[in-house]
Structures are given as structure tokens and as C-alpha cells.
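A.B. asks: Just one file: run-v4.cif, with mmCIF, C-alpha atoms and all ligand atoms.
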```cif
data_target
loop_
_atom_site.label_atom_id
_atom_site.label_comp_id
_atom_site.auth_asym_id
_atom_site.auth_seq_id
_atom_site.Cartn_x
_atom_site.Cartn_y
_atom_site.Cartn_z
CA MET A 10 -10.38 -38.26 -13.85
CA LEU A 11 -13.32 -38.02 -11.43
CA ASN A 12 -16.56 -36.24 -12.09
CA ILE A 13 -19.41 -36.33 -9.57
CA LYS A 14 -22.77 -34.87 -10.49
CA ASN A 15 -25.58 -34.18 -8.04
CA LEU A 16 -24.86 -37.09 -5.75
CA THR A 17 -27.50 -37.74 -3.11
CA LYS A 18 -27.50 -40.34 -0.36
CA THR A 19 -29.92 -40.70 2.52
CA TYR A 20 -29.81 -43.02 5.53
CA GLY A 21 -33.48 -43.30 6.48
CA LYS A 22 -34.62 -39.69 6.80
CA PHE A 23 -31.10 -38.36 7.26
CA ILE A 24 -29.59 -36.66 4.21
CA ALA A 25 -25.89 -37.58 4.20
CA LEU A 26 -25.12 -36.26 0.69
CA ASP A 27 -27.13 -33.43 -0.77
CA ASN A 28 -26.58 -32.88 -4.51
CA LEU A 29 -22.82 -33.14 -4.10
CA LYS A 30 -20.70 -31.99 -7.04
CA MET A 31 -16.99 -32.58 -7.38
CA GLU A 32 -14.34 -32.71 -10.09
CA ILE A 33 -10.79 -33.99 -9.92
CA LYS A 34 -8.45 -33.71 -12.88
CA LYS A 35 -5.79 -36.26 -13.77
CA GLY A 36 -2.65 -35.83 -11.68
CA GLU A 37 -4.24 -33.75 -8.92
CA ILE A 38 -3.89 -34.43 -5.22
CA PHE A 39 -7.31 -33.41 -4.00
CA GLY A 40 -7.80 -32.79 -0.28
CA PHE A 41 -11.32 -33.56 0.86
CA VAL A 42 -11.96 -31.65 4.06
CA GLY A 43 -14.98 -31.44 6.31
CA PRO A 44 -16.13 -31.69 9.91
CA ASN A 45 -17.09 -35.05 11.43
CA GLY A 46 -20.16 -36.49 9.79
CA ALA A 47 -20.00 -34.15 6.77
CA GLY A 48 -20.19 -37.07 4.34
CA LYS A 49 -16.57 -37.74 3.32
CA THR A 50 -16.56 -41.50 3.93
CA THR A 51 -19.99 -41.86 2.33
CA THR A 52 -18.74 -40.08 -0.80
CA MET A 53 -15.57 -42.15 -0.97
CA ARG A 54 -17.42 -45.43 -0.54
CA ILE A 55 -19.82 -44.50 -3.34
CA ILE A 56 -16.92 -43.60 -5.66
CA ALA A 57 -15.25 -46.92 -4.85
CA GLY A 58 -18.44 -48.78 -5.74
CA LEU A 59 -18.98 -50.07 -2.17
CA LEU A 60 -22.16 -48.10 -1.51
CA LYS A 61 -25.08 -47.17 -3.74
CA SER A 62 -26.18 -43.57 -4.04
CA ASP A 63 -29.89 -42.65 -4.21
CA SER A 64 -29.32 -40.47 -7.25
CA GLY A 65 -26.60 -38.65 -9.16
CA GLU A 66 -23.70 -39.81 -11.29
CA VAL A 67 -20.09 -40.76 -10.70
CA PHE A 68 -17.70 -40.97 -13.65
CA VAL A 69 -14.14 -42.20 -13.25
CA ASP A 70 -12.07 -41.57 -16.36
CA GLY A 71 -15.32 -41.52 -18.32
CA ILE A 72 -16.57 -44.80 -16.83
CA ASN A 73 -20.03 -44.66 -15.30
CA ALA A 74 -19.61 -46.11 -11.81
CA ARG A 75 -23.24 -47.16 -11.56
CA THR A 76 -23.33 -49.24 -14.74
CA ASN A 77 -19.76 -50.45 -15.06
CA LEU A 78 -18.58 -51.61 -11.67
CA LYS A 79 -15.96 -54.04 -12.93
CA GLU A 80 -14.09 -51.49 -15.04
CA LEU A 81 -14.46 -48.95 -12.23
CA LYS A 82 -12.73 -51.24 -9.73
CA ASN A 83 -9.74 -51.63 -12.05
CA LYS A 84 -9.29 -47.87 -12.09
CA ILE A 85 -9.61 -47.29 -8.34
CA GLY A 86 -7.55 -48.16 -5.28
CA TYR A 87 -9.45 -47.60 -2.04
CA MET A 88 -7.94 -47.35 1.41
CA PRO A 89 -10.64 -47.36 4.12
CA ASP A 90 -10.35 -45.59 7.47
CA PHE A 91 -10.26 -48.87 9.42
CA PHE A 92 -8.54 -52.26 9.20
CA GLY A 93 -9.92 -55.69 9.80
CA VAL A 94 -8.27 -58.33 11.95
CA TYR A 95 -5.83 -60.65 10.22
CA ASP A 96 -5.02 -63.49 12.58
CA ASN A 97 -1.77 -65.24 11.75
CA LEU A 98 -1.23 -63.47 8.46
CA LYS A 99 2.21 -62.10 7.68
CA ALA A 100 2.56 -58.83 5.77
CA LEU A 101 3.73 -60.42 2.51
CA GLU A 102 1.04 -63.13 2.71
CA TYR A 103 -1.53 -60.42 3.24
CA MET A 104 -0.33 -58.58 0.14
CA GLU A 105 -0.27 -61.78 -1.92
CA PHE A 106 -3.81 -62.55 -0.82
CA TYR A 107 -4.98 -59.21 -2.23
CA ALA A 108 -2.96 -59.71 -5.41
CA SER A 109 -4.69 -63.09 -5.90
CA ILE A 110 -8.08 -61.36 -5.78
CA TYR A 111 -6.96 -59.53 -8.93
CA GLY A 112 -5.73 -62.78 -10.51
CA ILE A 113 -2.03 -62.07 -9.86
CA THR A 114 -0.31 -65.14 -8.42
CA GLY A 115 3.03 -66.96 -8.12
CA ASN A 116 6.36 -65.24 -8.75
CA LYS A 117 4.70 -62.30 -10.44
CA ALA A 118 2.63 -61.63 -7.33
CA ARG A 119 5.63 -61.95 -5.03
CA ARG A 120 7.70 -59.54 -7.12
CA LEU A 121 4.87 -57.01 -7.30
CA CYS A 122 4.07 -57.24 -3.57
CA LEU A 123 7.72 -56.78 -2.57
CA GLU A 124 7.97 -53.79 -4.91
CA LEU A 125 4.89 -52.18 -3.35
CA MET A 126 6.11 -52.93 0.16
CA ASP A 127 9.37 -51.25 -0.75
CA LEU A 128 7.46 -48.21 -2.02
CA VAL A 129 5.69 -47.82 1.33
CA ARG A 130 8.94 -48.42 3.29
CA LEU A 131 7.96 -51.89 4.52
CA SER A 132 10.47 -54.05 2.65
CA ASP A 133 11.97 -55.28 5.94
CA GLN A 134 8.55 -56.29 7.33
CA ALA A 135 7.59 -59.10 4.93
CA ASP A 136 7.60 -61.70 7.73
CA SER A 137 5.96 -59.54 10.41
CA TYR A 138 2.48 -60.53 11.53
CA VAL A 139 -0.01 -57.87 10.43
CA ASP A 140 -1.75 -57.80 13.80
CA GLU A 141 1.56 -57.07 15.52
CA MET A 142 2.54 -54.15 13.29
CA SER A 143 2.34 -50.52 14.47
CA ARG A 144 -0.56 -48.37 13.33
CA GLY A 145 1.69 -46.47 10.93
CA MET A 146 2.92 -49.70 9.37
CA LYS A 147 -0.61 -51.05 9.04
CA GLN A 148 -1.69 -47.83 7.32
CA ARG A 149 1.18 -48.12 4.86
CA LEU A 150 0.45 -51.79 4.26
CA CYS A 151 -3.16 -50.90 3.59
CA LEU A 152 -1.98 -48.29 1.10
CA ALA A 153 0.27 -50.85 -0.63
CA ARG A 154 -2.64 -53.29 -0.72
CA SER A 155 -4.85 -50.72 -2.45
CA MET A 156 -2.33 -50.53 -5.31
CA VAL A 157 -1.89 -54.21 -6.26
CA HIS A 158 -3.85 -53.71 -9.49
CA ASP A 159 -2.02 -50.48 -10.40
CA PRO A 160 -5.06 -48.19 -10.20
CA GLU A 161 -4.95 -44.66 -11.62
CA LEU A 162 -7.06 -43.07 -8.91
CA LEU A 163 -6.29 -43.61 -5.22
CA ILE A 164 -9.05 -42.89 -2.72
CA LEU A 165 -7.58 -42.59 0.75
CA ASP A 166 -9.87 -42.13 3.73
CA GLU A 167 -7.94 -40.37 6.52
CA PRO A 168 -4.62 -42.13 5.79
CA ALA A 169 -2.79 -40.09 8.43
CA SER A 170 -5.31 -40.44 11.25
CA GLY A 171 -3.91 -41.73 14.52
CA LEU A 172 -0.31 -41.45 13.33
CA ASP A 173 2.42 -39.70 15.29
CA PRO A 174 4.10 -36.67 13.65
CA ARG A 175 7.00 -38.69 12.27
CA ALA A 176 4.71 -41.31 10.73
CA ARG A 177 2.63 -38.49 9.24
CA VAL A 178 5.64 -36.99 7.52
CA GLU A 179 6.52 -40.44 6.18
CA MET A 180 3.00 -40.93 4.84
CA LYS A 181 3.14 -37.51 3.19
CA GLU A 182 6.43 -38.35 1.50
CA ILE A 183 5.00 -41.60 0.18
CA LEU A 184 1.93 -39.82 -1.20
CA ARG A 185 4.17 -37.26 -2.95
CA GLU A 186 6.12 -40.11 -4.50
CA LEU A 187 2.90 -41.73 -5.73
CA HIS A 188 1.84 -38.41 -7.20
CA ASP A 189 5.20 -38.16 -8.99
CA LYS A 190 4.53 -41.62 -10.42
CA GLY A 191 1.39 -40.22 -12.03
CA LYS A 192 -1.34 -41.28 -9.61
CA THR A 193 -4.34 -39.06 -9.06
CA ILE A 194 -5.14 -38.95 -5.35
CA LEU A 195 -8.26 -38.11 -3.38
CA ILE A 196 -7.43 -37.83 0.30
CA SER A 197 -9.66 -36.97 3.23
CA SER A 198 -8.23 -35.50 6.39
CA HIS A 199 -8.90 -33.25 9.34
CA ILE A 200 -5.33 -31.98 9.40
CA LEU A 201 -5.71 -28.86 7.34
CA PRO A 202 -2.21 -27.36 7.35
CA GLU A 203 -0.82 -30.69 6.19
CA LEU A 204 -3.31 -30.86 3.35
CA ALA A 205 -2.29 -27.38 2.22
CA GLN A 206 1.32 -28.54 1.90
CA LEU A 207 0.47 -31.78 0.15
CA CYS A 208 -2.54 -31.06 -2.04
CA SER A 209 -2.89 -29.15 -5.28
CA ASN A 210 -6.65 -28.77 -4.78
CA ILE A 211 -9.02 -28.68 -1.85
CA GLY A 212 -12.76 -29.31 -1.56
CA ILE A 213 -14.61 -28.42 1.61
CA ILE A 214 -17.73 -30.43 2.37
CA GLU A 215 -20.32 -29.59 4.96
CA LYS A 216 -23.62 -31.38 5.63
CA GLY A 217 -23.30 -33.34 2.41
CA LYS A 218 -22.68 -30.31 0.16
CA MET A 219 -19.45 -29.09 -1.39
CA VAL A 220 -19.26 -25.56 -0.02
CA LEU A 221 -16.01 -24.58 -1.70
CA SER A 222 -13.46 -26.11 -4.02
CA GLY A 223 -10.47 -24.98 -6.05
CA THR A 224 -6.69 -24.85 -6.00
CA VAL A 225 -5.13 -24.08 -2.63
CA GLU A 226 -4.03 -20.64 -3.97
CA GLU A 227 -7.52 -19.87 -5.31
CA ILE A 228 -9.14 -20.78 -2.04
CA LEU A 229 -6.76 -18.73 0.06
CA SER A 230 -7.13 -15.71 -2.19
CA ILE A 231 -10.90 -15.55 -1.76
CA ARG A 232 -11.79 -12.12 -0.52
CA GLY A 233 -13.17 -11.82 2.95
CA VAL A 234 -11.34 -14.77 4.44
CA ALA A 235 -10.75 -13.66 7.98
CA SER A 236 -7.26 -13.68 9.33
CA PRO A 237 -7.20 -15.49 12.66
CA ILE A 238 -5.97 -14.13 15.98
CA VAL A 239 -3.49 -16.51 17.53
CA MET A 240 -2.67 -16.25 21.22
CA LYS A 241 -0.22 -18.09 23.43
CA PHE A 242 -0.49 -18.71 27.14
CA THR A 243 1.83 -19.37 30.03
CA ALA A 244 -1.05 -20.21 32.42
CA ASN A 245 -4.83 -20.17 32.93
CA GLN A 246 -5.75 -20.71 29.28
CA GLU A 247 -9.20 -21.90 30.41
CA LYS A 248 -9.87 -18.44 31.86
CA ALA A 249 -9.43 -16.99 28.37
CA VAL A 250 -11.75 -19.63 26.89
CA GLU A 251 -14.49 -18.54 29.32
CA VAL A 252 -14.24 -14.98 28.02
CA LEU A 253 -13.99 -15.95 24.34
CA LYS A 254 -17.06 -18.19 24.50
CA GLN A 255 -19.19 -15.33 25.77
CA ASN A 256 -18.11 -12.79 23.17
CA PRO A 257 -20.46 -12.66 20.15
CA LEU A 258 -17.67 -11.32 17.92
CA VAL A 259 -15.74 -14.58 18.33
CA GLN A 260 -16.90 -16.70 15.43
CA ASN A 261 -14.93 -19.86 16.07
CA ILE A 262 -12.31 -21.15 18.51
CA ILE A 263 -9.59 -23.75 18.09
CA ILE A 264 -7.95 -24.75 21.36
CA ARG A 265 -4.52 -26.39 21.48
CA ASP A 266 -1.97 -27.01 24.23
CA ASN A 267 -0.85 -23.50 25.30
CA SER A 268 -2.37 -21.71 22.32
CA ILE A 269 -5.74 -20.70 20.90
CA SER A 270 -6.76 -19.52 17.40
CA ILE A 271 -9.96 -17.58 16.97
CA LEU A 272 -11.89 -16.00 14.16
CA PHE A 273 -12.76 -12.57 15.44
CA LYS A 274 -15.19 -10.26 13.66
CA GLY A 275 -14.27 -7.14 15.62
CA LYS A 276 -12.04 -4.15 14.87
CA GLU A 277 -8.82 -3.18 16.68
CA ALA A 278 -10.57 -1.45 19.59
CA GLU A 279 -12.65 -4.57 20.19
CA GLU A 280 -9.49 -6.70 20.02
CA ALA A 281 -8.04 -4.55 22.79
CA ASN A 282 -11.21 -5.01 24.85
CA ILE A 283 -11.21 -8.77 24.55
CA LEU A 284 -7.50 -8.94 25.40
CA ALA A 285 -8.14 -6.85 28.52
CA ALA A 286 -11.12 -9.05 29.45
CA MET A 287 -9.05 -12.25 29.21
CA ILE A 288 -6.29 -10.79 31.36
CA GLY A 289 -8.90 -9.42 33.78
CA ASN A 290 -10.31 -12.94 34.12
CA GLY A 291 -6.90 -14.31 35.14
CA ALA A 292 -5.45 -15.63 31.86
CA LEU A 293 -1.68 -15.17 31.46
CA LEU A 294 -0.88 -14.45 27.81
CA SER A 295 2.58 -14.31 26.30
CA SER A 296 1.38 -13.24 22.84
CA PHE A 297 -1.74 -12.09 20.97
CA ALA A 298 -1.51 -11.34 17.23
CA ARG A 299 -3.41 -11.33 13.94
CA GLU A 300 -1.98 -13.80 11.44
CA GLU A 301 -2.31 -14.23 7.68
CA SER A 302 -5.42 -16.13 6.68
CA ASN A 303 -4.72 -19.82 6.13
CA LEU A 304 -6.66 -22.96 5.29
CA GLU A 305 -7.54 -23.53 8.90
CA SER A 306 -9.06 -20.08 9.37
CA LEU A 307 -10.94 -20.47 6.11
CA PHE A 308 -12.28 -23.80 7.29
CA MET A 309 -13.35 -22.20 10.58
CA GLN A 310 -15.09 -19.43 8.71
CA ILE A 311 -17.13 -21.44 6.26
CA THR A 312 -18.13 -24.43 8.32
CA THR A 313 -20.68 -24.22 11.08
CA LYS A 314 -19.50 -23.25 14.54
CA GLU A 315 -18.78 -26.35 16.58
CA GLU A 316 -17.76 -26.86 20.19
N1 LIG A 401 -24.94 -46.75 7.72
C1 LIG A 401 -25.35 -45.58 8.20
N2 LIG A 401 -26.59 -45.46 8.77
C2 LIG A 401 -27.03 -44.28 9.24
N3 LIG A 401 -26.31 -43.12 9.21
C3 LIG A 401 -25.08 -43.18 8.68
C4 LIG A 401 -24.54 -44.41 8.16
N4 LIG A 401 -23.30 -44.14 7.69
C5 LIG A 401 -23.07 -42.83 7.92
N5 LIG A 401 -24.15 -42.26 8.51
C6 LIG A 401 -24.28 -40.83 8.88
O1 LIG A 401 -24.06 -40.05 7.71
C7 LIG A 401 -23.29 -38.89 8.01
C8 LIG A 401 -22.07 -38.84 7.13
O2 LIG A 401 -21.18 -39.86 7.56
P1 LIG A 401 -19.72 -40.04 6.95
O3 LIG A 401 -19.10 -41.21 7.65
O4 LIG A 401 -19.80 -40.07 5.47
O5 LIG A 401 -19.03 -38.67 7.40
P2 LIG A 401 -17.51 -38.26 7.43
O6 LIG A 401 -17.43 -36.90 6.86
O7 LIG A 401 -16.67 -39.32 6.83
O8 LIG A 401 -17.23 -38.17 8.98
P3 LIG A 401 -15.92 -38.57 9.85
O9 LIG A 401 -14.92 -37.50 9.57
O10 LIG A 401 -16.44 -38.52 11.25
O11 LIG A 401 -15.50 -39.93 9.42
C9 LIG A 401 -22.99 -38.95 9.50
O12 LIG A 401 -23.92 -38.15 10.19
C10 LIG A 401 -23.19 -40.42 9.85
O13 LIG A 401 -23.62 -40.55 11.19
#
```
For this file, write the structure as C-alpha cells.
Ligand SMILES: Nc1ncnc2c1ncn2[C@@H]1O[C@H](COP(=O)(O)OP(=O)(O)OP(=O)(O)O)[C@@H](O)[C@H]1O

C.D. replies:
Amino acid sequence: MLNIKNLTKTYGKFIALDNLKMEIKKGEIFGFVGPNGAGKTTTMRIIAGLLKSDSGEVFVDGINARTNLKELKNKIGYMPDFFGVYDNLKALEYMEFYASIYGITGNKARRLCLELMDLVRLSDQADSYVDEMSRGMKQRLCLARSMVHDPELLILDEPASGLDPRARVEMKEILRELHDKGKTILISSHILPELAQLCSNIGIIEKGKMVLSGTVEEILSIRGVASPIVMKFTANQEKAVEVLKQNPLVQNIIIRDNSISILFKGKEAEEANILAAMIGNGALLSSFAREESNLESLFMQITTKEE
């Protein structure tokens, strides 16, 4: 469905995409993961025909995106990671406006827009003003808008960003439903565990290059993926962070409320030493254990260490 060959994009002297390669087969939900600034939005905008690459090729269902923009746009629905401002526009009017861009008007447009709003659980919001809707509702409206022309490939840039846990679950359910209806979906996100549950395939991008891609099972079965150490705290978590940051065997740290995950290159004896050092520095731990490797630990391992 999507085939990207050696895509390169520079902004001035900065190389945002560096010979990027990527393939998505029909019916896949492909999770596009990478740290901030890795090049996800740039890639998605090029696929959607909104940005020109310097070199390389993008084929969508065999259509060359560079030479056949009109056909490309019929195949693709794009949901950006931001919304505009829509003064005095109600949700249904907003949808009908987008339908009209694709030449769908009148009763046909109304029927289609109500159907799509129903699909994204917004059927009771037809008369709500877009600017007054919650972020979750706006995201879902934006998703509905991207489907007015019944595209085969949906390109969704961080559709769950800024949503509360409940709204995230709702978005995930909607995306599963769209997948069941036969859509191929490319979705970017920072929320790795959620992607693992939702996606059939994952691609990890760093500094404009695809560093790893495959099915979720393939990626997790790669040999040498470190299993993370997860620790929980009752107090003084910051005292543990001080110790972890100074230890060269700690490859990466993810800090959450009351818990920390690390990639640790040491053996058991060194684990014992670091545990003792954290306690010695005043951290109060309630647990400290190696866990099975998961997408998050893999991501920590293969992308560059970041604060
Ligand atoms: N118009 C632009 N001019 C100059 N640099 C840009 C421009 N657009 C993006 N960049 C840079 O290109 C790099 C890739 O940006 P991009 O938005 O594609 O990354 P991303 O992976 O989507 O990041 P994020 O997760 O933060 O949205 C970043 O370093 C960004 O600062």
C-alpha cells in the first residue's frame, strides 16, 4: 500500500530525512515511533503530498506521489497534529465544508458526514461549535474529516496526543474499528505500550533514518534486547535518579510518578551495588526487579540517550 524509497529532506543544512525506507502492506496498522524531531511529521507530510522531498520516491498503491498528486490525494486521508481555528462553525457544518472540497454536497454530504460522525462517536455533537469542543472531540472530528473521501490509507500524526486515558482508549477503539473496515493505517505516537497493543507493525525512526521495522513480535524477539529494571518508590525518588545518572552501566532512564525504568548493562552483582547505592543516598524503594523486554525498553536501547 505504501512504499518509500530513499527519501531525503533537508531544511537548509539540517538533514531531517536521510535515505528513509519504509513499507506498509494493505491492511496493516503501522506504528511510526521516534523521539522528538526524528522526522515523523516531515515523512507524513511528504506522503500526504503537502511537502516536497529533495529526493527519493513515495508510492501509494502503485501511484507515484511526486507525479500524480491528484490520484494520491484520493487514496490518502491525513490527520495533522494540530487544528486550526474555526470561528462560528458547527461540527456538522465543518464536516460538510470538507465534503464539499471533494465535490460531495447536499443530502449526500449530510448523510455521509452524519455517518462519519457516528463512527467517531460524535453523532450527538452535530450542532456543537468546533471551537467549544473538548480536545478529544476535536481529534475525533479531525479523524472523521480525513475520511470524507473514503481513502484507503489513513495517515494519523499523533492522534492520541494530549488526550486523557479514557479518550485514548476511545481513540484506540475507533482505530481498531477502522482497521476492521479495511483501512490501512499509519499512526505516529510517543506512547509505545499503546502502539504495541494496537499496531501489527512498528517502524522506529531516529535522526531521519528507519533504524528498525517489522511486526511487533519480530521486533520484540530480536536477540539482545535488554530487559529493563523497573523500580518503585515510596519516597525520595530523586535521590535514586542522582545515583542512576552517575552510573555508566545505566544506558537510559525513564522517570514516572513513583517509578523508574532503566536499561542496565550490568550483571547481578552490579545490580546489587546500584540498589545499595540508591538506598545509601536516601531513596526509599518498595520494589526493584528485572522485567521482560518490551517495546519501550527496545526503544530506549536503540535510540540515542536523551535527558
Ligand atoms: N520548516 C522547517 N524548517 C526547519 N526545520 C524544520 C522544519 N520542519 C521541521 N524541522 C526540523 O526537522 C526535524 C524533524 O521534524 P519533524 O517535525 O518531522 O519531527 P517529528 O519526529 O515529527 O517530531 P515531534 O515528535 O516533535 O513532532 C526537527 O529537528 C525539526 O526541528

A.B. asks: Return the single residue from A:Ile288, A:Ala244, A:Leu221, A:Leu184 that is closest to Leu307 of chain A, with distances computed using all atoms listed in the file.

C.D. replies: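 Of all the options, A:Leu221 lies closest to Leu307 of chain A.
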
A.B. asks: Pick the closest to Thr224 of chain A from A:Pro160, A:Gly289, A:Gly40, A:Gly86: which is it, counting only C-alpha atoms?

C.D. replies: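 Closest candidate: A:Gly40.
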
A.B. asks: Do you have the atom CA of Lys192 of chain A-atom CA of Leu162 of chain A distance handy?

C.D. replies: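 Separation of atom CA of Lys192 of chain A and atom CA of Leu162 of chain A: 6.0 Å.
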
A.B. asks: Pick out the residues no farther than 9 Å from ligand LIG 401 (chain A), counting only C-alpha atoms and all ligand atoms, and list them as a count of residues only.

C.D. replies: 31

A.B. asks: Check the smallest atom-to-atom distance from each of A:Thr193, A:Ser155, A:Gln134, A:Asn15 to Lys34 of chain A using all atoms listed in the file, then report the winner.

C.D. replies: A:Thr193

A.B. asks: With a distance cut-off of 10 Å and all atoms listed in the file, select the neighbouring residues of segment 172-182 of chain A, excluding the residue or stretch itself and same-chain residues fewer than 2 positions from it, and output the selection as a list in words.

C.D. replies: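 That gives Val129, Arg130, Ser143, Arg144, Gly145, Met146, Gln148, Arg149, Leu152, Pro168, Ala169, Ser170, Leu184, Arg185, Glu186, Leu187, His188, Glu203, Leu204, Gln206 and Leu207 of chain A.
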
A.B. asks: Using Å and a single decimal, report how far atom CA of Arg299 of chain A sits from atom CA of Glu226 of chain A.

C.D. replies: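 Separating atom CA of Glu226 of chain A from atom CA of Arg299 of chain A is a distance of 20.2 Å.
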
A.B. asks: For Arg120 of chain A, work out the shell of residues within 12 Å, counting all atoms listed in the file and skipping chain neighbours fewer than 3 positions away, then give it as a ChimeraX atom specification.

C.D. replies: /A:101,104-105,108,113-117,123-127,132,157

A.B. asks: Please, which residues are within 10 Å of (-8.5, -19.2, 20.1) by the file's coordinates, counting all atoms listed in the file, and could they come as a PDB file with C-alpha atoms, in the frame of the given file?

C.D. replies:
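Output (selection21.pdb):
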```pdb
ATOM      1  CA  PRO A 237      -7.200 -15.490  12.660  1.00  0.00           C
ATOM      2  CA  ILE A 238      -5.970 -14.130  15.980  1.00  0.00           C
ATOM      3  CA  VAL A 239      -3.490 -16.510  17.530  1.00  0.00           C
ATOM      4  CA  MET A 240      -2.670 -16.250  21.220  1.00  0.00           C
ATOM      5  CA  LYS A 241      -0.220 -18.090  23.430  1.00  0.00           C
ATOM      6  CA  GLN A 246      -5.750 -20.710  29.280  1.00  0.00           C
ATOM      7  CA  ALA A 249      -9.430 -16.990  28.370  1.00  0.00           C
ATOM      8  CA  VAL A 250     -11.750 -19.630  26.890  1.00  0.00           C
ATOM      9  CA  LEU A 253     -13.990 -15.950  24.340  1.00  0.00           C
ATOM     10  CA  LYS A 254     -17.060 -18.190  24.500  1.00  0.00           C
ATOM     11  CA  VAL A 259     -15.740 -14.580  18.330  1.00  0.00           C
ATOM     12  CA  GLN A 260     -16.900 -16.700  15.430  1.00  0.00           C
ATOM     13  CA  ASN A 261     -14.930 -19.860  16.070  1.00  0.00           C
ATOM     14  CA  ILE A 262     -12.310 -21.150  18.510  1.00  0.00           C
ATOM     15  CA  ILE A 263      -9.590 -23.750  18.090  1.00  0.00           C
ATOM     16  CA  ILE A 264      -7.950 -24.750  21.360  1.00  0.00           C
ATOM     17  CA  ARG A 265      -4.520 -26.390  21.480  1.00  0.00           C
ATOM     18  CA  SER A 268      -2.370 -21.710  22.320  1.00  0.00           C
ATOM     19  CA  ILE A 269      -5.740 -20.700  20.900  1.00  0.00           C
ATOM     20  CA  SER A 270      -6.760 -19.520  17.400  1.00  0.00           C
ATOM     21  CA  ILE A 271      -9.960 -17.580  16.970  1.00  0.00           C
ATOM     22  CA  LEU A 272     -11.890 -16.000  14.160  1.00  0.00           C
ATOM     23  CA  PHE A 273     -12.760 -12.570  15.440  1.00  0.00           C
ATOM     24  CA  PHE A 297      -1.740 -12.090  20.970  1.00  0.00           C
TER      25      PHE A 297
END
```

A.B. asks: Looking at A:Pro89, A:Pro257, A:Gly58, A:Gly212, which one is nearest to Phe39 of chain A, with distances taken over all atoms listed in the file?

C.D. replies: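 Nearest to Phe39 of chain A: A:Gly212.
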
A.B. asks: Record the distance separating atom CA of Ile56 of chain A and atom CA of Gly93 of chain A, expressed in Å with one decimal.

C.D. replies: 20.8 Å

A.B. asks: Compile the contact shell of Lys84 of chain A as a VMD selection string: residues with an atom at most 9 Å away, counting only C-alpha atoms, same-chain residues fewer than 4 positions apart removed.

C.D. replies: chain A and resid 69 to 70 80 158 to 163

A.B. asks: Counting all atoms listed in the file, I want the residues whose atoms come within 12 Å of (-18.9, -48.1, -10.4) in the file frame, returned as a VMD selection string.

C.D. replies: chain A and resid 11 13 53 to 62 66 to 85

A.B. asks: Which one is closest to Met31 of chain A: A:Lys99, A:Lys190, A:Lys276, A:Lys14? Count all atoms listed in the file.

C.D. replies: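 Using all atoms listed in the file, the shortest distance to Met31 of chain A belongs to A:Lys14.
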
A.B. asks: Edge lengths and centre in Å to one decimal, as lines of an AutoDock Vina configuration file, is what I'm after for the box along x, y and z that holds all listed atoms of segment 53-64 of chain A once 6 Å is added on each side.

C.D. replies:
```
center_x = -22.6
center_y = -45.3
center_z = -3.9
size_x = 26.6
size_y = 21.6
size_z = 18.7
```

A.B. asks: For Tyr111 of chain A, which residue out of A:Ile183, A:Met156, A:Ala278, A:Leu229 is the nearest one, using only C-alpha atoms?

C.D. replies: A:Met156
